[in-house]
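Content type mmCIF, C-alpha atoms and all ligand atoms, from the file run-v7.cif:
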```cif
data_structure
loop_
_atom_site.label_atom_id
_atom_site.label_comp_id
_atom_site.auth_asym_id
_atom_site.auth_seq_id
_atom_site.Cartn_x
_atom_site.Cartn_y
_atom_site.Cartn_z
CA MET S 1 84.10 117.38 119.60
CA ALA S 2 81.93 115.21 117.36
CA LEU S 3 83.48 113.43 114.40
CA ASN S 4 84.00 115.97 111.63
CA PRO S 5 84.87 114.18 108.36
CA LYS S 6 84.92 117.47 106.44
CA ARG S 7 87.85 118.54 108.60
CA THR S 8 89.80 115.47 107.39
CA VAL S 9 89.30 116.53 103.77
CA ALA S 10 90.38 120.10 104.65
CA GLU S 11 93.49 118.76 106.42
CA LEU S 12 94.38 116.54 103.45
CA GLU S 13 94.23 119.68 101.30
CA GLU S 14 96.35 121.55 103.84
CA LEU S 15 98.98 118.79 103.75
CA ARG S 16 98.94 118.86 99.95
CA GLU S 17 99.65 122.61 100.02
CA LEU S 18 102.41 122.19 102.58
CA THR S 19 104.29 119.24 101.03
CA GLY S 20 103.31 119.10 97.36
CA ASP S 21 104.13 121.09 94.26
CA GLU S 22 102.75 121.35 90.72
CA ASN S 23 103.92 117.75 90.06
CA GLY S 24 102.21 116.19 93.08
CA ALA S 25 103.08 115.05 96.60
CA GLN S 26 106.80 115.13 97.51
CA ARG S 27 106.81 113.44 100.92
CA VAL S 28 109.47 110.85 100.11
CA ALA S 29 110.60 109.13 103.33
CA TRP S 30 113.92 110.23 104.89
CA THR S 31 113.75 113.73 103.36
CA GLU S 32 113.15 117.21 104.77
CA THR S 33 109.65 117.38 103.27
CA TRP S 34 108.76 114.12 105.01
CA GLU S 35 109.96 115.59 108.33
CA THR S 36 107.87 118.69 107.64
CA ALA S 37 104.81 116.47 107.21
CA ARG S 38 105.61 114.58 110.43
CA ALA S 39 106.03 117.80 112.40
CA TRP S 40 102.74 119.09 110.97
CA LEU S 41 101.03 115.85 112.01
CA ARG S 42 102.45 116.22 115.54
CA GLY S 43 100.75 119.63 115.74
CA LYS S 44 97.43 118.17 114.60
CA VAL S 45 97.44 115.36 117.15
CA ALA S 46 98.61 117.51 120.07
CA GLU S 47 95.09 118.74 120.91
CA THR S 48 93.91 115.16 121.59
CA GLY S 49 96.39 114.76 124.44
CA ALA S 50 97.91 111.66 122.83
CA THR S 51 101.61 111.23 123.59
CA GLU S 52 104.12 110.90 120.78
CA GLU S 53 106.90 108.36 120.45
CA ILE S 54 109.24 107.67 117.53
CA ASP S 55 110.33 104.04 117.63
CA GLU S 56 113.66 102.50 116.58
CA ALA S 57 112.51 102.14 112.95
CA GLY S 58 111.32 105.73 112.69
CA ASN S 59 107.60 104.94 113.03
CA GLN S 60 105.68 107.81 114.61
CA TRP S 61 103.25 106.64 117.32
CA PHE S 62 100.55 108.67 119.10
CA THR S 63 99.10 106.97 122.16
CA LEU S 64 95.84 107.77 123.92
CA ALA S 65 95.93 105.83 127.19
CA GLY S 66 92.90 103.71 128.05
CA ASP S 67 91.71 101.51 130.92
CA SER S 68 93.65 98.58 129.51
CA GLU S 69 97.16 98.44 128.09
CA ARG S 70 95.85 96.33 125.23
CA ALA S 71 95.77 98.62 122.23
CA LEU S 72 93.61 99.28 119.23
CA LEU S 73 95.91 100.46 116.42
CA LEU S 74 95.03 102.73 113.53
CA GLY S 75 97.76 103.06 110.93
CA GLY S 76 98.78 104.71 107.70
CA HIS S 77 101.81 106.31 106.08
CA ILE S 78 102.46 109.96 105.42
CA ASP S 79 105.33 109.26 103.01
CA SER S 80 104.62 109.34 99.29
CA VAL S 81 106.35 108.43 96.06
CA PRO S 82 107.95 111.38 94.21
CA ASN S 83 105.23 113.24 92.28
CA GLY S 84 102.68 111.17 94.16
CA GLY S 85 99.00 111.57 94.90
CA TRP S 86 97.41 113.52 97.74
CA LEU S 87 95.63 110.56 99.40
CA ASP S 88 97.82 107.43 99.24
CA GLY S 89 98.74 106.62 102.83
CA CYS S 90 97.98 109.96 104.44
CA LEU S 91 94.21 109.46 104.18
CA ASN S 92 94.31 106.95 106.99
CA VAL S 93 96.73 108.98 109.05
CA LEU S 94 94.37 111.97 108.96
CA ALA S 95 91.18 109.91 109.26
CA GLY S 96 92.93 108.33 112.26
CA VAL S 97 93.55 111.78 113.76
CA GLU S 98 89.83 112.53 113.45
CA VAL S 99 88.90 109.23 115.11
CA LEU S 100 91.42 109.94 117.91
CA ARG S 101 89.78 113.33 118.46
CA ARG S 102 86.33 111.73 118.73
CA ILE S 103 87.57 109.04 121.12
CA ALA S 104 89.47 111.56 123.28
CA GLU S 105 86.33 113.70 123.47
CA ASP S 106 84.25 110.71 124.61
CA GLY S 107 86.50 110.24 127.66
CA ARG S 108 89.00 107.55 128.61
CA PRO S 109 88.62 104.62 126.20
CA PRO S 110 88.36 101.03 127.50
CA LEU S 111 91.48 100.09 125.53
CA THR S 112 94.52 102.16 124.72
CA VAL S 113 94.18 103.66 121.24
CA ARG S 114 97.28 104.28 119.11
CA LEU S 115 97.73 105.96 115.77
CA VAL S 116 100.85 104.97 113.86
CA ASN S 117 102.42 106.78 110.94
CA TRP S 118 104.62 104.03 109.46
CA ALA S 119 108.06 105.05 108.20
CA ASP S 120 108.85 104.52 104.51
CA GLU S 121 105.92 102.47 103.28
CA GLU S 122 106.69 103.33 99.67
CA GLY S 123 110.39 102.49 99.53
CA ALA S 124 110.63 105.26 96.93
CA ARG S 125 114.20 106.32 97.69
CA PHE S 126 115.91 102.97 98.40
CA GLY S 127 113.53 100.45 96.83
CA ARG S 128 112.63 98.79 100.14
CA SER S 129 108.86 99.07 100.71
CA LEU S 130 107.14 98.63 104.11
CA PHE S 131 110.33 99.40 106.05
CA GLY S 132 108.79 100.60 109.32
CA SER S 133 105.94 98.12 109.46
CA SER S 134 108.14 95.15 108.64
CA ALA S 135 110.57 96.21 111.39
CA ALA S 136 107.64 96.31 113.84
CA ALA S 137 106.32 93.00 112.54
CA GLY S 138 109.69 91.29 112.98
CA SER S 139 110.07 90.56 109.27
CA LEU S 140 112.94 92.93 108.51
CA ALA S 141 115.25 90.08 107.57
CA ASP S 142 117.27 91.83 104.87
CA GLN S 143 119.38 94.20 106.96
CA ASP S 144 122.68 93.04 105.44
CA GLU S 145 121.37 93.76 102.00
CA LEU S 146 119.85 97.11 103.10
CA ARG S 147 123.22 98.19 104.45
CA ARG S 148 124.58 98.12 100.88
CA ARG S 149 121.71 100.02 99.25
CA HIS S 150 122.19 103.53 97.85
CA ASP S 151 119.77 106.13 96.49
CA ALA S 152 120.11 107.70 93.04
CA ASP S 153 122.60 110.27 94.43
CA GLY S 154 124.83 107.59 95.95
CA VAL S 155 123.75 108.18 99.57
CA ALA S 156 123.85 104.91 101.54
CA LEU S 157 120.61 103.80 103.21
CA PRO S 158 122.10 103.60 106.73
CA ASP S 159 123.42 107.18 106.42
CA ALA S 160 120.07 108.53 105.22
CA LEU S 161 118.30 106.80 108.11
CA ARG S 162 120.86 108.06 110.64
CA ALA S 163 120.19 111.64 109.49
CA HIS S 164 116.62 111.06 110.68
CA GLY S 165 117.56 109.44 113.98
CA VAL S 166 117.26 105.80 112.93
CA ASP S 167 120.04 103.25 113.48
CA LEU S 168 119.46 100.42 110.98
CA ASP S 169 121.07 97.91 113.33
CA ARG S 170 118.52 98.72 116.03
CA ALA S 171 115.42 99.05 113.81
CA HIS S 172 114.17 95.57 114.70
CA ALA S 173 113.63 96.77 118.29
CA ALA S 174 110.46 98.45 116.95
CA ARG S 175 108.99 94.99 117.36
CA ALA S 176 108.08 95.82 120.96
CA GLN S 177 105.42 98.21 119.65
CA LEU S 178 103.12 95.40 118.53
CA GLU S 179 103.30 93.42 121.78
CA SER S 180 100.20 95.06 123.23
CA ALA S 181 98.30 95.25 119.93
CA ALA S 182 94.80 93.75 120.04
CA ALA S 183 93.66 94.86 116.58
CA TYR S 184 94.88 96.92 113.63
CA LEU S 185 92.67 98.99 111.31
CA GLU S 186 93.78 100.71 108.11
CA LEU S 187 91.81 102.77 105.63
CA HIS S 188 93.34 103.27 102.19
CA ILE S 189 92.35 104.39 98.73
CA GLU S 190 91.71 101.38 96.49
CA GLN S 191 94.30 102.39 93.85
CA GLY S 192 92.33 100.26 91.39
CA PRO S 193 89.07 100.44 89.40
CA VAL S 194 86.85 97.84 91.11
CA LEU S 195 84.77 99.98 93.50
CA GLU S 196 84.29 102.70 90.89
CA SER S 197 83.04 100.17 88.35
CA LEU S 198 80.52 98.90 90.94
CA GLU S 199 79.59 102.50 91.81
CA LEU S 200 80.33 101.80 95.47
CA PRO S 201 82.16 104.23 97.77
CA LEU S 202 83.66 101.66 100.15
CA GLY S 203 84.75 98.05 100.39
CA VAL S 204 86.25 95.63 102.91
CA VAL S 205 89.62 94.16 102.06
CA LEU S 206 89.84 90.40 102.54
CA GLY S 207 93.61 90.28 102.46
CA THR S 208 96.56 90.97 100.23
CA PHE S 209 97.43 88.87 97.22
CA GLY S 210 100.19 86.32 97.32
CA VAL S 211 102.74 87.01 94.60
CA GLU S 212 104.97 84.77 92.46
CA ARG S 213 107.58 86.59 90.37
CA HIS S 214 109.78 84.75 87.91
CA GLN S 215 112.24 85.39 85.15
CA ILE S 216 111.77 82.91 82.31
CA THR S 217 114.68 82.58 79.94
CA TRP S 218 114.00 81.15 76.49
CA LYS S 219 117.01 79.97 74.46
CA GLY S 220 116.88 79.38 70.71
CA GLN S 221 119.41 80.01 67.96
CA ALA S 222 120.34 83.34 66.39
CA ALA S 223 120.07 83.00 62.59
CA HIS S 224 119.96 85.28 59.58
CA ALA S 225 116.55 86.84 59.00
CA GLY S 226 116.92 86.48 55.24
CA SER S 227 118.47 83.07 54.77
CA THR S 228 116.67 80.99 57.45
CA PRO S 229 113.40 79.40 56.24
CA MET S 230 110.46 79.78 58.59
CA ASP S 231 110.33 76.06 59.44
CA LYS S 232 114.04 75.94 60.32
CA ARG S 233 113.99 78.58 63.07
CA ARG S 234 114.51 78.19 66.77
CA ASP S 235 112.96 81.50 67.79
CA ALA S 236 113.17 82.27 71.53
CA LEU S 237 110.71 85.14 71.20
CA ALA S 238 108.08 82.81 69.77
CA GLY S 239 108.04 80.84 73.04
CA ALA S 240 107.86 84.02 75.14
CA SER S 241 105.08 85.42 72.94
CA LYS S 242 102.96 82.30 73.17
CA LEU S 243 103.31 82.30 76.95
CA ALA S 244 102.46 86.01 77.24
CA LEU S 245 99.14 85.38 75.49
CA GLU S 246 98.49 82.08 77.29
CA LEU S 247 98.44 84.00 80.61
CA ARG S 248 94.92 85.21 79.77
CA PRO S 249 93.24 81.77 79.61
CA ILE S 250 95.35 80.63 82.60
CA ALA S 251 94.11 83.56 84.74
CA ALA S 252 90.55 82.97 83.50
CA GLU S 253 90.71 79.27 84.33
CA VAL S 254 91.91 79.80 87.91
CA GLY S 255 89.64 82.84 88.31
CA GLU S 256 88.50 84.46 91.58
CA GLY S 257 90.53 87.58 90.93
CA ALA S 258 93.62 85.86 89.52
CA VAL S 259 95.97 88.22 87.70
CA CYS S 260 99.04 87.37 85.59
CA THR S 261 101.31 89.89 83.93
CA CYS S 262 104.17 89.54 81.51
CA GLY S 263 105.94 92.77 82.50
CA GLY S 264 108.59 92.71 79.80
CA VAL S 265 110.74 90.68 77.42
CA VAL S 266 114.37 91.48 76.64
CA CYS S 267 115.56 89.98 73.36
CA LYS S 268 119.10 89.20 72.26
CA PRO S 269 120.69 89.91 69.89
CA GLY S 270 117.74 92.25 69.49
CA ILE S 271 118.46 93.35 65.94
CA VAL S 272 116.09 93.44 63.02
CA THR S 273 118.16 91.07 60.90
CA SER S 274 118.34 88.14 63.33
CA VAL S 275 116.02 85.50 64.75
CA VAL S 276 115.92 86.00 68.56
CA GLU S 277 118.37 83.73 70.35
CA THR S 278 117.52 84.62 73.95
CA ALA S 279 114.32 86.08 75.34
CA GLU S 280 114.27 86.99 79.04
CA GLN S 281 110.66 87.26 80.11
CA LEU S 282 109.31 88.71 83.36
CA LEU S 283 106.23 87.15 84.92
CA ASP S 284 104.16 88.33 87.88
CA GLN S 285 101.23 86.20 89.17
CA ARG S 286 98.92 87.07 92.05
CA HIS S 287 96.07 85.44 93.95
CA LEU S 288 94.44 85.67 97.36
CA ASN S 289 94.38 81.90 97.76
CA ALA S 290 97.67 80.05 98.18
CA GLY S 291 96.45 76.93 96.34
CA SER S 292 95.17 78.98 93.42
CA LEU S 293 98.44 80.89 93.25
CA ALA S 294 100.34 77.60 93.09
CA ARG S 295 98.01 76.46 90.31
CA LEU S 296 98.60 79.68 88.32
CA LEU S 297 102.29 78.99 88.54
CA SER S 298 102.09 75.34 87.56
CA LEU S 299 99.80 76.05 84.61
CA ALA S 300 102.23 78.67 83.31
CA HIS S 301 105.07 76.22 83.87
CA GLU S 302 103.38 73.44 81.90
CA ALA S 303 102.44 75.83 79.10
CA SER S 304 106.05 77.01 78.83
CA GLU S 305 107.31 73.42 78.47
CA ARG S 306 104.74 72.80 75.76
CA PHE S 307 105.70 75.96 73.85
CA ALA S 308 109.39 75.16 74.21
CA GLY S 309 108.69 71.82 72.51
CA GLU S 310 106.64 73.41 69.75
CA GLU S 311 109.29 76.02 69.01
CA ASP S 312 112.33 73.75 69.55
CA VAL S 313 113.81 76.10 72.16
CA GLU S 314 114.86 75.68 75.80
CA VAL S 315 113.12 77.28 78.73
CA VAL S 316 114.51 77.91 82.23
CA TRP S 317 112.59 79.35 85.18
CA GLU S 318 114.11 81.38 87.99
CA ARG S 319 112.14 82.76 90.95
CA ILE S 320 112.81 86.46 91.56
CA TRP S 321 110.53 86.97 94.57
CA SER S 322 107.45 85.55 96.19
CA ILE S 323 105.18 86.22 99.13
CA GLU S 324 102.28 84.17 100.42
CA PRO S 325 98.73 85.58 100.48
CA ILE S 326 97.91 87.30 103.77
CA LEU S 327 94.30 87.00 104.93
CA PHE S 328 92.71 89.53 107.25
CA ASP S 329 90.78 88.66 110.42
CA GLU S 330 87.32 87.18 109.75
CA GLN S 331 85.63 88.86 112.71
CA LEU S 332 87.08 92.25 111.83
CA VAL S 333 86.00 91.72 108.20
CA GLU S 334 82.44 91.25 109.52
CA LEU S 335 82.64 94.40 111.65
CA ALA S 336 84.04 96.35 108.71
CA ASP S 337 81.22 95.11 106.48
CA GLU S 338 78.67 96.23 109.10
CA SER S 339 80.33 99.63 109.47
CA ILE S 340 80.26 100.25 105.71
CA ARG S 341 76.64 99.16 105.39
CA GLU S 342 75.63 101.52 108.19
CA VAL S 343 77.41 104.43 106.56
CA CYS S 344 76.51 103.94 102.89
CA GLY S 345 74.03 101.07 102.56
CA THR S 346 76.06 98.59 100.50
CA SER S 347 79.39 96.95 101.12
CA HIS S 348 81.65 94.86 98.92
CA ARG S 349 84.48 92.46 99.73
CA LEU S 350 87.60 92.55 97.60
CA PRO S 351 91.25 91.52 97.75
CA SER S 352 94.14 93.96 97.59
CA GLY S 353 96.57 93.68 94.70
CA PRO S 354 99.16 96.05 96.20
CA LEU S 355 100.86 95.20 99.49
CA HIS S 356 100.15 97.44 102.47
CA ASP S 357 101.54 97.97 105.97
CA ALA S 358 98.44 96.09 107.15
CA ALA S 359 99.81 92.93 105.55
CA GLU S 360 102.96 93.14 107.69
CA VAL S 361 100.92 93.70 110.85
CA ALA S 362 98.64 90.76 110.01
CA ARG S 363 101.70 88.61 109.31
CA ALA S 364 102.89 89.40 112.84
CA GLY S 365 99.69 87.81 114.18
CA VAL S 366 97.71 90.95 115.04
CA PRO S 367 94.02 90.70 113.97
CA THR S 368 93.83 93.14 111.08
CA VAL S 369 91.41 94.55 108.54
CA MET S 370 91.48 97.26 105.88
CA LEU S 371 88.83 99.46 104.32
CA PHE S 372 89.15 100.67 100.74
CA VAL S 373 87.57 103.85 99.46
CA GLN S 374 86.93 104.28 95.77
CA SER S 375 89.74 105.74 93.61
CA LEU S 376 88.64 107.77 90.60
CA ARG S 377 89.80 106.11 87.36
CA GLY S 378 91.73 103.66 89.53
CA LEU S 379 94.76 105.96 89.41
CA SER S 380 97.43 106.22 92.10
CA HIS S 381 101.13 107.12 92.45
CA THR S 382 100.43 110.14 90.24
CA LYS S 383 99.18 113.65 90.90
CA LEU S 384 95.99 112.57 89.06
CA GLU S 385 95.10 110.34 92.02
CA ASP S 386 91.71 111.45 93.37
CA THR S 387 88.60 110.45 95.32
CA LYS S 388 85.32 112.37 95.61
CA SER S 389 85.09 114.48 98.78
CA GLU S 390 81.81 112.85 99.77
CA HIS S 391 83.46 109.43 99.52
CA LEU S 392 86.40 110.59 101.63
CA GLU S 393 83.94 111.81 104.25
CA LEU S 394 82.08 108.48 104.20
CA SER S 395 85.39 106.68 104.62
CA VAL S 396 86.19 108.66 107.78
CA GLN S 397 82.74 107.80 109.16
CA ALA S 398 83.18 104.12 108.34
CA LEU S 399 86.61 104.01 110.00
CA ASP S 400 85.16 105.69 113.08
CA ARG S 401 82.30 103.16 113.26
CA LEU S 402 84.74 100.32 112.81
CA ALA S 403 86.99 101.68 115.56
CA ALA S 404 84.00 102.01 117.91
CA LYS S 405 82.75 98.50 117.14
CA THR S 406 86.21 97.01 117.54
CA LEU S 407 86.72 98.75 120.88
CA ALA S 408 83.31 97.51 122.08
CA LYS S 409 84.09 93.95 120.99
CA LEU S 410 87.55 93.90 122.53
CA SER S 411 86.38 95.32 125.84
CA ALA S 412 83.31 93.05 126.14
ZN ZN S 501 99.80 103.59 100.46
#
```
Do you think you could lay out the structure here as structure tokens?
Ligand SMILES: [Zn+2]
Amino acid sequence: MALNPKRTVAELEELRELTGDENGAQRVAWTETWETARAWLRGKVAETGATEEIDEAGNQWFTLAGDSERALLLGGHIDSVPNGGWLDGCLNVLAGVEVLRRIAEDGRPPLTVRLVNWADEEGARFGRSLFGSSAAAGSLADQDELRRRHDADGVALPDALRAHGVDLDRAHAARAQLESAAAYLELHIEQGPVLESLELPLGVVLGTFGVERHQITWKGQAAHAGSTPMDKRRDALAGASKLALELRPIAAEVGEGAVCTCGGVVCKPGIVTSVVETAEQLLDQRHLNAGSLARLLSLAHEASERFAGEEDVEVVWERIWSIEPILFDEQLVELADESIREVCGTSHRLPSGPLHDAAEVARAGVPTVMLFVQSLRGLSHTKLEDTKSEHLELSVQALDRLAAKTLAKLSA
């Protein structure tokens, strides 16, 4: 059976029919529809002869034994957000099925080849993204906190997992799955506008952005909107506003893909007749380089102190969350570049803004790379998410080339 990328597109459509409705994909992890998708996947892989295993974190593994126990991993996630798109996550699962078929057809591979369908990448129901991959990577450090989480209907996370055969206390045992991993490959839709704007079907992902998230609280003095002269005000919103606009020159100065976002400001008292006393501002900053990320943060910090002085208000910073940049494997980046050039002539290297399961696997020390395929209008996490069929087909070919090259390199 030669590689048949058109079959992948047909199977993506089949999955959409099976697990979506008029509002989009409904494969939220730890639900019946998600199990339906997993059972359907099991049926698709069966013909390759790969054996199935569900690990302690609920990840679904399909293993094609090779001459060596060292394993080439292909991974994606079949779960979606509610009303999600038809490609996010499941593209690589189904492209991976096609690559498994081609490899199985070619005879026993030199390395073991495994396809993994990670459990709960999206965190849509309980707000914990990358559950399965972080368990496998050994970075599931928040179990105590997860034990207390509930979904919108009040169902506790451990109960929902138990209904699908997963014991939260034992999830970390999934770590054994990565012990034999020699390389990890993941294809994903870009979920952004870069490749489309360059009119390129495919790109190589250099790594995932490091993120700094802070809440910045500005404190001024509430005062009557009518009786307080303009030069006598201590307006907390003025500080927050200046900083929100200053993020543009800060991102431009640091450059190389730097992004900064003021995601919201909550004002108190928040009435039309009062100067703002407190402004709670949310800031998200991202960069692929750790030094540049630190510089983004310090520039924003300095600017906030300056604006606080100008506006005679106080400013306090509090970190909400942060993660370091995760860089993918240089040799695999080269092989991915080669694979893309062979399939469509031109390649492009770009960072990933969103986190992916691949970041967890890379963090665990497994050489990793990702391919991005163009997203139309950069849209994702909506039923409007789309990619041209011919680009999807090219992406399956590129993943197959990359898998073949990686196997050749690892068995040399
Ligand atoms: Zn995804």
Fill in the blank from the handout: If you count all atoms listed in the file, the residue of S:Gly239, S:Leu206, S:Ser298, S:Ile271 closest to Glu330 in chain S turns out to be S:Leu206
Close residues, Arg108 in chain S itself excluded, 8 Å, all atoms listed in the file, min 2 positions apart in chain, as a compact mmCIF listing (two decimals) with C-alpha atoms, keeping the file's coordinate frame:
```txt
# COMPACT_ATOMS: atom_id res chain seq x y z
CA ALA S 65 95.93 105.83 127.19
CA GLY S 66 92.90 103.71 128.05
CA ASP S 67 91.71 101.51 130.92
CA ILE S 103 87.57 109.04 121.12
CA ALA S 104 89.47 111.56 123.28
CA ASP S 106 84.25 110.71 124.61
CA PRO S 110 88.36 101.03 127.50
```
Exercise for the section: Identify, on the basis of only C-alpha atoms, every residue whose closest approach to Asp55 in chain S does not exceed 12 Å; exclude the query and any residue fewer than 6 positions from it along the same chain; express the result as a PyMOL selection string. Expected result: chain S and resi 61-62+116-119+132-133+135-136+164-168+170-178
Select from chain S every residue with an atom at most 9 Å from any atom of ligand ZN 501 (chain S), then for each give the shortest pair of atoms and their distance in Å to one decimal, using only C-alpha atoms and all ligand atoms, rows by chain and rising number, as CSV.
```
residue,atom,partner,partner_atom,distance
S:Gly76,CA,S:ZN501,ZN,7.4
S:His77,CA,S:ZN501,ZN,6.6
S:Ile78,CA,S:ZN501,ZN,8.5
S:Asp79,CA,S:ZN501,ZN,8.3
S:Ser80,CA,S:ZN501,ZN,7.6
S:Leu87,CA,S:ZN501,ZN,8.2
S:Asp88,CA,S:ZN501,ZN,4.5
S:Gly89,CA,S:ZN501,ZN,4.0
S:Cys90,CA,S:ZN501,ZN,7.7
S:Leu91,CA,S:ZN501,ZN,8.9
S:Glu121,CA,S:ZN501,ZN,6.8
S:Glu122,CA,S:ZN501,ZN,6.9
S:His188,CA,S:ZN501,ZN,6.7
S:Ile189,CA,S:ZN501,ZN,7.7
S:Gln191,CA,S:ZN501,ZN,8.7
S:Pro354,CA,S:ZN501,ZN,8.7
S:Leu355,CA,S:ZN501,ZN,8.5
S:His356,CA,S:ZN501,ZN,6.5
S:Asp357,CA,S:ZN501,ZN,8.1
S:His381,CA,S:ZN501,ZN,8.9
```
Exercise for the section: Compile the contact shell of range 199-205 of chain S as a VMD selection string: residues with an atom at most 8 Å away, counting all atoms listed in the file, same-chain residues fewer than 6 positions apart removed. Expected result: chain S and resid 328 333 336 to 337 340 344 346 to 352 369 to 374 391 394 to 395
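With distances restricted to all atoms listed in the file, S:Leu115 is the closest residue to Ala71 in chain S from S:Leu115, S:Ala160, S:Val28, S:Leu296.
For Glu11 in chain S, the non-local neighbours within 10 Å, defined as residues at least 5 positions apart in the same chain or in other chains and counting only C-alpha atoms, are Pro5, Lys6, Arg16, Glu17, Leu41, Lys44, Leu91, Leu94 and Ala95 of chain S.
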Handout entry: Given only C-alpha atoms as the counted atoms, nearest of S:Thr48, S:Thr36, S:Thr382, S:Ser339 to Gln397 in chain S
Key = S:Ser339
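Nearest-residue note for Gly257 in chain S: choosing from S:Gly345, S:Gly270, S:Gly154, S:Gly210, the minimum distance belongs to S:Gly210, counting only C-alpha atoms.
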Practice task
List every protein, DNA or RNA residue that has at least one atom no more than 10 Å from (89.2, 105.7, 90.1) in the file's coordinates, counting only C-alpha atoms, and write the result as an MDAnalysis selection string.
Solution key: chainID S and resid 189:197 373:380 384:388
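In terms of minimum interatomic distance to Ala359 in chain S, S:Gly207 ranks closest within S:Pro269, S:Gly207, S:Gly24, S:Gly58, counting all atoms listed in the file.
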Handout entry: Residue contacts of Ala240 in chain S (9 Å, all atoms listed in the file) excluding same-chain residues fewer than 2 positions away, as a ChimeraX atom specification
Key = /S:216-218,236-238,242-245,265,279-281,304,307
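CA of Asn289 in chain S is positioned 19.2 Å from CA of Glu334 in chain S.
Of the residues listed (S:Glu310, S:Glu318, S:Glu186, S:Glu256), S:Glu186 shows the shortest atom-to-atom separation from Asp400 in chain S; distances use all atoms listed in the file.
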Completion exercise
What separates CA of Pro325 in chain S and CA of Leu185 in chain S is a distance of 18.3 Å
Regenerate range 227-242 of chain S at the level of N, CA and C atoms and dump it as a short mmCIF file (atom, residue, chain, number, x, y, z; two decimals), in the coordinates of the input.
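Heads up, here's the output in out_33.cif:
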```cif
data_model
loop_
_atom_site.label_atom_id
_atom_site.label_comp_id
_atom_site.auth_asym_id
_atom_site.auth_seq_id
_atom_site.Cartn_x
_atom_site.Cartn_y
_atom_site.Cartn_z
N SER S 227 118.11 84.37 55.33
CA SER S 227 118.47 83.07 54.77
C SER S 227 117.87 81.87 55.51
N THR S 228 117.18 82.12 56.66
CA THR S 228 116.67 80.99 57.45
C THR S 228 115.18 80.78 57.16
N PRO S 229 114.82 79.65 56.53
CA PRO S 229 113.40 79.40 56.24
C PRO S 229 112.57 79.37 57.53
N MET S 230 111.31 79.67 57.42
CA MET S 230 110.46 79.78 58.59
C MET S 230 110.41 78.48 59.40
N ASP S 231 110.44 77.33 58.71
CA ASP S 231 110.33 76.06 59.44
C ASP S 231 111.66 75.56 59.98
N LYS S 232 112.74 76.35 59.80
CA LYS S 232 114.04 75.94 60.32
C LYS S 232 114.48 76.81 61.50
N ARG S 233 113.59 77.62 62.04
CA ARG S 233 113.99 78.58 63.07
C ARG S 233 113.80 78.03 64.47
N ARG S 234 114.69 78.45 65.34
CA ARG S 234 114.51 78.19 66.77
C ARG S 234 114.41 79.56 67.45
N ASP S 235 113.20 80.09 67.43
CA ASP S 235 112.96 81.50 67.79
C ASP S 235 112.54 81.62 69.26
N ALA S 236 113.45 82.15 70.09
CA ALA S 236 113.17 82.27 71.53
C ALA S 236 111.97 83.18 71.79
N LEU S 237 111.81 84.21 70.98
CA LEU S 237 110.71 85.14 71.20
C LEU S 237 109.36 84.49 70.93
N ALA S 238 109.35 83.49 70.05
CA ALA S 238 108.08 82.81 69.77
C ALA S 238 107.55 82.13 71.03
N GLY S 239 108.47 81.48 71.78
CA GLY S 239 108.04 80.84 73.04
C GLY S 239 107.51 81.88 74.03
N ALA S 240 108.27 82.98 74.19
CA ALA S 240 107.86 84.02 75.14
C ALA S 240 106.52 84.63 74.73
N SER S 241 106.32 84.81 73.43
CA SER S 241 105.08 85.42 72.94
C SER S 241 103.89 84.52 73.20
N LYS S 242 104.06 83.24 72.93
CA LYS S 242 102.96 82.30 73.17
C LYS S 242 102.59 82.31 74.65
#
```
